[in-house]
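*Asks:* So that we are looking at the same thing, I have put the structure below in structure tokens.
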Amino acid sequence: MDLPCTLEKRDGEYFLGGCKLEELSREYGTPLLVMDEETIRDKARFYLDNLEKNYPQSNVYYASKAFLNMGICRIMEEEGMGLDVVSGGELYTALSAGFPPERIIMHGNNKSRRDIIQAIRANIRAIVVDNEDELDRISRIGKAMGCRVPVMLRVVPALEAVTHPHLQTGMGSKFGFKIHQGQAKKALKKLSEEETMKPVGLHCHLGSQITDGEIYLRAAEEVMQLAAGFRELWQDEFALNLGGGFAVAHSDQEESFSFERFLPGISEKIKELSFEWDLPLPTLEFEPGRSIMAPAGITLYSLGAPKKVENLGKLIPVDGGMSDNIRPALYEADYNAFVVNKNYDGRSREKVTITGRLCESGDILIRDIMLPRTEAGDLLAVTCTGAYTYPMASNYNGLPRPAVVLVGKGKASILIRGETFEDLLQRQEIPAHLQKEEDQYLAL
Ligand code: LLP
């Protein structure tokens, strides 16, 4: 199971980044997402260091969709990471934090005209083109703006990763130019005839929560063979981006991806393939998201009173749920948790199910977990919640989104302020004809 590197228990009290979890919950309220700075930095450095050892001609882009805000952009910049953004909004966040645009690439299967113009104006490293229509659009926009737009093509090998169906992005998905259908070749041909775009390389992303390294090797083979048919395109630059997708273990039932074991093999394979296909040695690129952020995060919840239900067993509600972590409901994701506020060492445990507080029967956070007997008001910590929780959070049932704090060296700082009830109303207006009479008089 993946846990933050600074999580420790001292004299029966739990600490993360040197901060006492119970104190954090009192100061910031619950639910609360606590992110450990050292774990984030360690994980980012882990990718950079391993590549430096095995394949120095490389780049790592943090897949910012996993968890993005201006503070995280600063950490990624300081660590020497690149950033993968997927929309104008993510690009805006990164640029607002002063992230260097030459280290940003932009994805998206239906980028708007505005996204494209914003990316070109910002001078980002490359736009990763998803489809033919987008290729034409970028070409037209590039021409109108008088610039040569750096692009990569997102190509899709004839493979399907073993993972949850929602997390597969292989040949059966909505993404990219399918190699086996001839779409990728057609797009490369078009690119070779275009003056308005500068080819930078090829990209593929096979999916998320992948444990098996073998599929990346097979993908590299297909993509390099495709690249070899268009050698003339790679005179200046040739990047091979194999995406992200490295699995983390949210619980004991899951297995994580071993990047250290995987990297020497793929590095060798790419060297062999470039020799075999007479291609320049590519810049090897990866885009990990979850494996950097998930282990760094812990969500704190206050427990409610237990309820026994026939066929479901003992249910214990928390004061959040699918509004701050939709992953169990959406992907049947597994999590682990522990009780923070009491020293339960040596006490017997019972099987319980942790439910959310949202009005949905499917709002169940953790099924059948062994916990000591708890009572209302106890504090629960759910681990490995740093990725794809906050970015997918909602205000469903009128719940304000929780605060996110960054902890390290015994200090906690706000990354994202928790929403208030006033925040919920901030963008709402009552149309004039629906206003109460007394308000209408006031407006006169
Ligand atoms: N690159 C591209 C082009 C991607 O689409 C993604 C994730 C990544 C990299 C990073 O993959 P990671 O290393 O994080 O697995 N909401 C889902 C995950 C969706 C992943 C979308 N793309 C979840 O909560 O599991």
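Going by the structure tokens order, chains are called A, B, ..., each with residues numbered from 1, while ligands are numbered from 1 in the order shown.
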Quick one: residues within 8 Å of Ile326 (chain A), only C-alpha atoms, excluding same-chain residues fewer than 3 positions away - as a list of chain:residue names?
*Replies:*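 In the requested format, the answer is A:Gly321, A:Met322, A:Ser323, A:Ala329, A:Leu330, A:Thr389, A:Met392, A:Ala393.
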*Asks:* What parts of region 300-410 of chain A does DSSP call alpha helix (DSSP H)? I'd like the answer as a PyMOL selection string.
*Replies:* chain A and resi 327-331
*Asks:* Sort by chain and increasing residue number a table of all residues of chain A within 8 Å of ligand 1, each with its closest pair of atoms and their distance in Å to one decimal, counting only C-alpha atoms and all ligand atoms, and write it as a tab-separated table.
*Replies:*
```
residue	atom	partner	partner_atom_place_in_ligand_line	distance
A:Tyr62	CA	ligand 1	9 (C)	7.8
A:Ala63	CA	ligand 1	10 (C)	5.0
A:Ser64	CA	ligand 1	10 (C)	7.9
A:Lys65	CA	ligand 1	7 (C)	7.0
A:Ala66	CA	ligand 1	14 (O)	5.7
A:Asp84	CA	ligand 1	1 (N)	7.2
A:His107	CA	ligand 1	3 (C)	6.3
A:Gly108	CA	ligand 1	3 (C)	7.8
A:His166	CA	ligand 1	17 (C)	7.7
A:Leu167	CA	ligand 1	19 (C)	5.9
A:Thr169	CA	ligand 1	5 (O)	7.7
A:Cys204	CA	ligand 1	3 (C)	7.3
A:His205	CA	ligand 1	3 (C)	5.3
A:Gly207	CA	ligand 1	15 (O)	6.6
A:Ser208	CA	ligand 1	15 (O)	3.7
A:Gln209	CA	ligand 1	15 (O)	5.4
A:Ile210	CA	ligand 1	15 (O)	7.5
A:Gly243	CA	ligand 1	1 (N)	4.6
A:Gly244	CA	ligand 1	13 (O)	3.9
A:Gly245	CA	ligand 1	15 (O)	3.2
A:Phe246	CA	ligand 1	13 (O)	5.2
A:Ala247	CA	ligand 1	15 (O)	6.5
A:Phe286	CA	ligand 1	9 (C)	7.7
A:Glu287	CA	ligand 1	9 (C)	4.7
A:Pro288	CA	ligand 1	13 (O)	3.7
A:Gly289	CA	ligand 1	14 (O)	3.5
A:Arg290	CA	ligand 1	14 (O)	3.7
A:Ser291	CA	ligand 1	13 (O)	5.9
A:Ile292	CA	ligand 1	13 (O)	7.9
A:Ile326	CA	ligand 1	24 (O)	7.9
A:Arg327	CA	ligand 1	24 (O)	5.5
A:Tyr331	CA	ligand 1	25 (O)	7.0
A:Ala333	CA	ligand 1	25 (O)	7.9
A:Ala387	CA	ligand 1	24 (O)	7.0
A:Tyr388	CA	ligand 1	24 (O)	4.5
A:Thr389	CA	ligand 1	24 (O)	6.9
A:Met392	CA	ligand 1	16 (N)	7.4
```
*Asks:* So which one's closest to Ser361 (chain A), A:Leu312, A:Met152, A:Leu284, A:Ile104? Using only C-alpha atoms, please.
*Replies:*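 Counting only C-alpha atoms, the residue closest to Ser361 (chain A) is A:Leu312.
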*Asks:* Using the chain letters and numbers from this document, which residues of region 110-297 of chain A does DSSP assign to strand (DSSP E or B), as a PDB file with N, CA, C and O atoms, in the first residue's frame?
*Replies:*
```
ATOM      1  N   ALA A 126       4.665  22.134 -26.806  1.00  0.00           N
ATOM      2  CA  ALA A 126       3.960  21.478 -27.920  1.00  0.00           C
ATOM      3  C   ALA A 126       2.482  21.304 -27.600  1.00  0.00           C
ATOM      4  O   ALA A 126       2.103  21.137 -26.439  1.00  0.00           O
ATOM      5  N   ILE A 127       1.690  21.334 -28.679  1.00  0.00           N
ATOM      6  CA  ILE A 127       0.294  20.927 -28.562  1.00  0.00           C
ATOM      7  C   ILE A 127       0.248  19.473 -29.024  1.00  0.00           C
ATOM      8  O   ILE A 127       0.802  19.132 -30.070  1.00  0.00           O
ATOM      9  N   VAL A 128      -0.390  18.623 -28.232  1.00  0.00           N
ATOM     10  CA  VAL A 128      -0.498  17.213 -28.615  1.00  0.00           C
ATOM     11  C   VAL A 128      -1.812  17.057 -29.375  1.00  0.00           C
ATOM     12  O   VAL A 128      -2.896  17.143 -28.790  1.00  0.00           O
ATOM     13  N   VAL A 129      -1.705  16.842 -30.682  1.00  0.00           N
ATOM     14  CA  VAL A 129      -2.889  16.859 -31.553  1.00  0.00           C
ATOM     15  C   VAL A 129      -3.615  15.526 -31.471  1.00  0.00           C
ATOM     16  O   VAL A 129      -3.001  14.467 -31.568  1.00  0.00           O
ATOM     17  N   VAL A 149       3.618  26.160 -35.447  1.00  0.00           N
ATOM     18  CA  VAL A 149       3.196  25.638 -34.141  1.00  0.00           C
ATOM     19  C   VAL A 149       3.852  24.279 -33.866  1.00  0.00           C
ATOM     20  O   VAL A 149       3.705  23.346 -34.658  1.00  0.00           O
ATOM     21  N   PRO A 150       4.575  24.162 -32.748  1.00  0.00           N
ATOM     22  CA  PRO A 150       5.164  22.860 -32.419  1.00  0.00           C
ATOM     23  C   PRO A 150       4.072  21.864 -32.007  1.00  0.00           C
ATOM     24  O   PRO A 150       3.275  22.168 -31.118  1.00  0.00           O
ATOM     25  N   VAL A 151       4.050  20.717 -32.658  1.00  0.00           N
ATOM     26  CA  VAL A 151       3.008  19.722 -32.341  1.00  0.00           C
ATOM     27  C   VAL A 151       3.592  18.317 -32.173  1.00  0.00           C
ATOM     28  O   VAL A 151       4.628  17.983 -32.751  1.00  0.00           O
ATOM     29  N   MET A 152       2.883  17.553 -31.369  1.00  0.00           N
ATOM     30  CA  MET A 152       3.123  16.105 -31.309  1.00  0.00           C
ATOM     31  C   MET A 152       1.807  15.479 -31.745  1.00  0.00           C
ATOM     32  O   MET A 152       0.757  16.086 -31.608  1.00  0.00           O
ATOM     33  N   LEU A 153       1.847  14.266 -32.250  1.00  0.00           N
ATOM     34  CA  LEU A 153       0.586  13.584 -32.569  1.00  0.00           C
ATOM     35  C   LEU A 153       0.320  12.553 -31.486  1.00  0.00           C
ATOM     36  O   LEU A 153       1.213  11.804 -31.095  1.00  0.00           O
ATOM     37  N   ARG A 154      -0.928  12.509 -31.023  1.00  0.00           N
ATOM     38  CA  ARG A 154      -1.310  11.438 -30.085  1.00  0.00           C
ATOM     39  C   ARG A 154      -1.742  10.242 -30.930  1.00  0.00           C
ATOM     40  O   ARG A 154      -2.781  10.285 -31.600  1.00  0.00           O
ATOM     41  N   VAL A 155      -0.936   9.200 -30.921  1.00  0.00           N
ATOM     42  CA  VAL A 155      -1.256   8.015 -31.714  1.00  0.00           C
ATOM     43  C   VAL A 155      -1.644   6.873 -30.771  1.00  0.00           C
ATOM     44  O   VAL A 155      -1.262   6.871 -29.601  1.00  0.00           O
ATOM     45  N   VAL A 156      -2.419   5.942 -31.306  1.00  0.00           N
ATOM     46  CA  VAL A 156      -2.960   4.882 -30.440  1.00  0.00           C
ATOM     47  C   VAL A 156      -2.583   3.510 -30.987  1.00  0.00           C
ATOM     48  O   VAL A 156      -3.071   3.099 -32.038  1.00  0.00           O
ATOM     49  N   GLN A 168      -9.219   2.968 -19.499  1.00  0.00           N
ATOM     50  CA  GLN A 168      -8.500   2.505 -20.697  1.00  0.00           C
ATOM     51  C   GLN A 168      -8.548   3.602 -21.752  1.00  0.00           C
ATOM     52  O   GLN A 168      -9.603   4.195 -21.985  1.00  0.00           O
ATOM     53  N   PHE A 177      -5.141   9.286 -32.833  1.00  0.00           N
ATOM     54  CA  PHE A 177      -5.130   8.704 -34.180  1.00  0.00           C
ATOM     55  C   PHE A 177      -4.805   7.220 -34.046  1.00  0.00           C
ATOM     56  O   PHE A 177      -3.722   6.852 -33.579  1.00  0.00           O
ATOM     57  N   LYS A 178      -5.733   6.366 -34.454  1.00  0.00           N
ATOM     58  CA  LYS A 178      -5.519   4.928 -34.310  1.00  0.00           C
ATOM     59  C   LYS A 178      -4.492   4.453 -35.360  1.00  0.00           C
ATOM     60  O   LYS A 178      -4.652   4.723 -36.555  1.00  0.00           O
ATOM     61  N   MET A 197       3.153  23.849 -39.126  1.00  0.00           N
ATOM     62  CA  MET A 197       3.341  23.080 -37.890  1.00  0.00           C
ATOM     63  C   MET A 197       4.726  22.450 -37.856  1.00  0.00           C
ATOM     64  O   MET A 197       5.222  21.970 -38.890  1.00  0.00           O
ATOM     65  N   LYS A 198       5.302  22.446 -36.680  1.00  0.00           N
ATOM     66  CA  LYS A 198       6.645  21.863 -36.522  1.00  0.00           C
ATOM     67  C   LYS A 198       6.503  20.555 -35.742  1.00  0.00           C
ATOM     68  O   LYS A 198       6.112  20.572 -34.565  1.00  0.00           O
ATOM     69  N   PRO A 199       6.806  19.406 -36.390  1.00  0.00           N
ATOM     70  CA  PRO A 199       6.660  18.133 -35.659  1.00  0.00           C
ATOM     71  C   PRO A 199       7.735  17.986 -34.591  1.00  0.00           C
ATOM     72  O   PRO A 199       8.913  18.184 -34.860  1.00  0.00           O
ATOM     73  N   VAL A 200       7.297  17.642 -33.398  1.00  0.00           N
ATOM     74  CA  VAL A 200       8.219  17.510 -32.273  1.00  0.00           C
ATOM     75  C   VAL A 200       8.358  16.047 -31.851  1.00  0.00           C
ATOM     76  O   VAL A 200       9.362  15.634 -31.294  1.00  0.00           O
ATOM     77  N   GLY A 201       7.313  15.251 -32.132  1.00  0.00           N
ATOM     78  CA  GLY A 201       7.396  13.846 -31.753  1.00  0.00           C
ATOM     79  C   GLY A 201       6.038  13.166 -31.730  1.00  0.00           C
ATOM     80  O   GLY A 201       5.042  13.729 -32.188  1.00  0.00           O
ATOM     81  N   LEU A 202       6.036  11.961 -31.185  1.00  0.00           N
ATOM     82  CA  LEU A 202       4.796  11.172 -31.106  1.00  0.00           C
ATOM     83  C   LEU A 202       4.481  10.865 -29.643  1.00  0.00           C
ATOM     84  O   LEU A 202       5.386  10.688 -28.830  1.00  0.00           O
ATOM     85  N   HIS A 203       3.189  10.805 -29.377  1.00  0.00           N
ATOM     86  CA  HIS A 203       2.739  10.586 -28.007  1.00  0.00           C
ATOM     87  C   HIS A 203       1.744   9.433 -27.971  1.00  0.00           C
ATOM     88  O   HIS A 203       0.938   9.271 -28.894  1.00  0.00           O
ATOM     89  N   GLY A 207      -3.519   4.386 -20.707  1.00  0.00           N
ATOM     90  CA  GLY A 207      -4.567   4.296 -19.689  1.00  0.00           C
ATOM     91  C   GLY A 207      -3.975   4.587 -18.332  1.00  0.00           C
ATOM     92  O   GLY A 207      -2.829   5.031 -18.226  1.00  0.00           O
ATOM     93  N   ILE A 210      -2.144   1.190 -14.420  1.00  0.00           N
ATOM     94  CA  ILE A 210      -1.589   0.035 -15.144  1.00  0.00           C
ATOM     95  C   ILE A 210      -0.470  -0.560 -14.280  1.00  0.00           C
ATOM     96  O   ILE A 210       0.378   0.167 -13.763  1.00  0.00           O
ATOM     97  N   ALA A 239      10.680  13.324 -30.125  1.00  0.00           N
ATOM     98  CA  ALA A 239      10.334  12.920 -28.758  1.00  0.00           C
ATOM     99  C   ALA A 239       9.374  11.735 -28.821  1.00  0.00           C
ATOM    100  O   ALA A 239       8.454  11.714 -29.644  1.00  0.00           O
ATOM    101  N   LEU A 240       9.618  10.767 -27.968  1.00  0.00           N
ATOM    102  CA  LEU A 240       8.702   9.630 -27.840  1.00  0.00           C
ATOM    103  C   LEU A 240       8.106   9.717 -26.445  1.00  0.00           C
ATOM    104  O   LEU A 240       8.793   9.475 -25.447  1.00  0.00           O
ATOM    105  N   ASN A 241       6.842  10.118 -26.389  1.00  0.00           N
ATOM    106  CA  ASN A 241       6.178  10.279 -25.097  1.00  0.00           C
ATOM    107  C   ASN A 241       5.250   9.091 -24.873  1.00  0.00           C
ATOM    108  O   ASN A 241       4.311   8.873 -25.641  1.00  0.00           O
ATOM    109  N   PHE A 246       1.021   4.865 -14.376  1.00  0.00           N
ATOM    110  CA  PHE A 246       1.656   3.924 -13.444  1.00  0.00           C
ATOM    111  C   PHE A 246       0.808   3.773 -12.179  1.00  0.00           C
ATOM    112  O   PHE A 246       0.531   4.745 -11.478  1.00  0.00           O
ATOM    113  N   THR A 283      14.022  11.555 -27.581  1.00  0.00           N
ATOM    114  CA  THR A 283      13.921  12.038 -26.202  1.00  0.00           C
ATOM    115  C   THR A 283      12.777  11.237 -25.592  1.00  0.00           C
ATOM    116  O   THR A 283      11.663  11.249 -26.122  1.00  0.00           O
ATOM    117  N   LEU A 284      13.060  10.526 -24.517  1.00  0.00           N
ATOM    118  CA  LEU A 284      12.022   9.681 -23.904  1.00  0.00           C
ATOM    119  C   LEU A 284      11.245  10.501 -22.884  1.00  0.00           C
ATOM    120  O   LEU A 284      11.842  11.152 -22.020  1.00  0.00           O
ATOM    121  N   GLU A 285       9.924  10.478 -23.016  1.00  0.00           N
ATOM    122  CA  GLU A 285       9.107  11.311 -22.126  1.00  0.00           C
ATOM    123  C   GLU A 285       8.015  10.486 -21.433  1.00  0.00           C
ATOM    124  O   GLU A 285       7.469   9.558 -22.038  1.00  0.00           O
ATOM    125  N   PHE A 286       7.722  10.865 -20.190  1.00  0.00           N
ATOM    126  CA  PHE A 286       6.620  10.244 -19.454  1.00  0.00           C
ATOM    127  C   PHE A 286       5.752  11.325 -18.829  1.00  0.00           C
ATOM    128  O   PHE A 286       6.205  12.459 -18.630  1.00  0.00           O
ATOM    129  N   GLY A 297      -1.465  12.245  -0.365  1.00  0.00           N
ATOM    130  CA  GLY A 297      -2.680  12.820   0.218  1.00  0.00           C
ATOM    131  C   GLY A 297      -3.385  11.931   1.232  1.00  0.00           C
ATOM    132  O   GLY A 297      -3.432  10.701   1.088  1.00  0.00           O
TER     133      GLY A 297
END
```
*Asks:* So the first atom is CA of Gly213 (chain A) and the second is CA of Cys5 (chain A); what is the distance between them in Å, to one decimal place?
*Replies:* 24.5 Å
*Asks:* Taking 6 positions as the minimum chain separation for residues in the same chain, which residues sit within 10 Å of Arg401 (chain A) when counting only C-alpha atoms? Answer as a count of residues only.
*Replies:* 17
